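Comments concern the structure below.
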Amino acid sequence: MSVRRRALAELGVGVGLLALAAGLTVDVLSPPKKADAEKPRTVVTNAMLQAARTDNRCTRGRVALTFDDGPDIYTPQILKVLRAYRVRATFFVMGQKAAARPGLIRAEAADGHLVENHSWSHPHLADLDQAQIDWQLAATQRAITTAGAPAPTLLRPPFGNTSATVDGEAKLLGLRVIRWSIDTDDWRGREPGDIAASVLDQVVPGSVVLMHDGVRQSAATVQALPTVIRGLRARGFCTALATD
Ligand SMILES: [Zn+2]
């Protein structure tokens with residue numbers, strides 16, 4: 001799937017992209033209704049959580065697990081796995097989804113995870129003008145703090161695309177731009193084993209792992225997560241927050 005088609009999928013309905021293409025302001029976009037209508041598959045099993053009490057020793061270094069594009073229907077299952085393994089992670093959330101599911105934002109923060117800024121509606125920020133960029137970032141900050149989480153200090157621009165203007169607007173809001181170093185491509189519909197292998201084959205001290213809790217393919221990410229955590233710990237890596 002191309003990046004452009006992914007944008008379309010994430011917006012849920014084509015009209016969102018059409019609105020952007022027509023130059024309308026982004027706040028006319030509605031949350032992705034298609035995802036709302038979809039029921040999550042229950043993926044977490046007791047067997048997945050059995051070996052949860054593994055040590056989190058940093059003998060080889062730290063790794064940041066990060067989850068993008070939520071909060072959404074698979075976020076509660078991601079949180080359940082993280083809680084069982086006592087892992088703290090970083091969620092880069094979309095403002096429009098934070099506004100739609102504030103309880104999940106509160107749950108993320110309550111579990112000690114970082115809740116960070118991933119824009120309001122997942123546009124290519126570098127294609128927007130300064131006022132639109134500012135709105136995308138500031139409205140997302142407001143949605144997150146209104147939900148009850150601390151104000152984000154990190155911005156992960158959608159698709160990793162940024163520009164001097166985006167960086168400048170982020171800085172004005174106290175946001176540091178961060179990308180990732182390992183892309184699991186979990187949103188492409190990969191098998192859980194392949195998602196886990198992409199992490200465990202590439203991991204080095206300081207790796208920042210990109211996964212998704214807010215896409216339709218996130219069931220596979222939930223299934224991969226225990227293998228990822230156990231594999232990292234078996235290799236001497238501990239899991240840490242993106243700001244650690
Ligand atoms: Zn994203």
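Ligands are numbered from 1 in the order shown, chains are lettered A, B, ... in the order of the structure tokens, and residues start at 1 in each chain.
Taking only C-alpha atoms and all ligand atoms into account, every polymer residue with at least one atom at most 7 Å away from ligand 1 is listed here: Asp68, Asp69, His118, His122, Pro158 and Phe159 of chain A.
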**Report entry** Non-local contacts of segment 101-110 of chain A (7 Å; only C-alpha atoms; under 6 positions in same chain excluded) as a list in words
**Finding:**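 Residues near the query, excluding close chain neighbours: Pro71, Ile144, Ala147, Gly148 and Ala149 of chain A.
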For the selection you just gave me, I'd like the residues written to a file as a short mmCIF file (atom, residue, chain, number, x, y, z; two decimals), in the first residue's frame, keeping N, CA and C atoms.
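selection07.cif written:
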```
data_model
loop_
_atom_site.label_atom_id
_atom_site.label_comp_id
_atom_site.auth_asym_id
_atom_site.auth_seq_id
_atom_site.Cartn_x
_atom_site.Cartn_y
_atom_site.Cartn_z
N PRO A 71 -5.70 6.84 20.09
CA PRO A 71 -6.20 5.58 20.65
C PRO A 71 -7.36 5.03 19.84
N ILE A 144 -5.30 16.21 24.28
CA ILE A 144 -4.60 15.31 25.20
C ILE A 144 -4.68 15.82 26.64
N ALA A 147 -8.14 15.55 28.02
CA ALA A 147 -8.46 14.16 28.42
C ALA A 147 -7.86 13.82 29.78
N GLY A 148 -6.85 14.59 30.20
CA GLY A 148 -6.28 14.35 31.52
C GLY A 148 -4.85 13.86 31.54
N ALA A 149 -4.17 13.88 30.41
CA ALA A 149 -2.75 13.49 30.36
C ALA A 149 -1.88 14.75 30.37
#
```
Query raised in the report: Which of these, A:Ala138, A:Leu210, A:Leu200, A:Ala170, has the shortest distance to Phe92 of chain A once you count only C-alpha atoms?
Result: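 Closest candidate: A:Leu210.
Considering only C-alpha atoms, the residue among A:Gln217, A:Ile78, A:Gly231, A:Asn161 positioned nearest to Arg179 of chain A is A:Asn161.
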Requested in this report: Identify all residues of segment 80-213 of chain A in alpha helix (DSSP H) (DSSP on the backbone) and supply them as number ranges by chain.
Outcome: A: 80-85, 95-100, 102-110, 130-147, 164-172, 192-202
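Between Gly174 of chain A and the residues A:Leu137, A:Val222, A:Val204, A:Ala47, the shortest atom-to-atom distance, using only C-alpha atoms, involves A:Leu137.
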Query raised in the report: Tyr85 of chain A: which residues within 12 Å, counting only C-alpha atoms, same-chain residues fewer than 4 positions away excluded, as a PyMOL selection string?
Result: chain A and resi 48-56+78-81+89+111+225-230+233+238-239
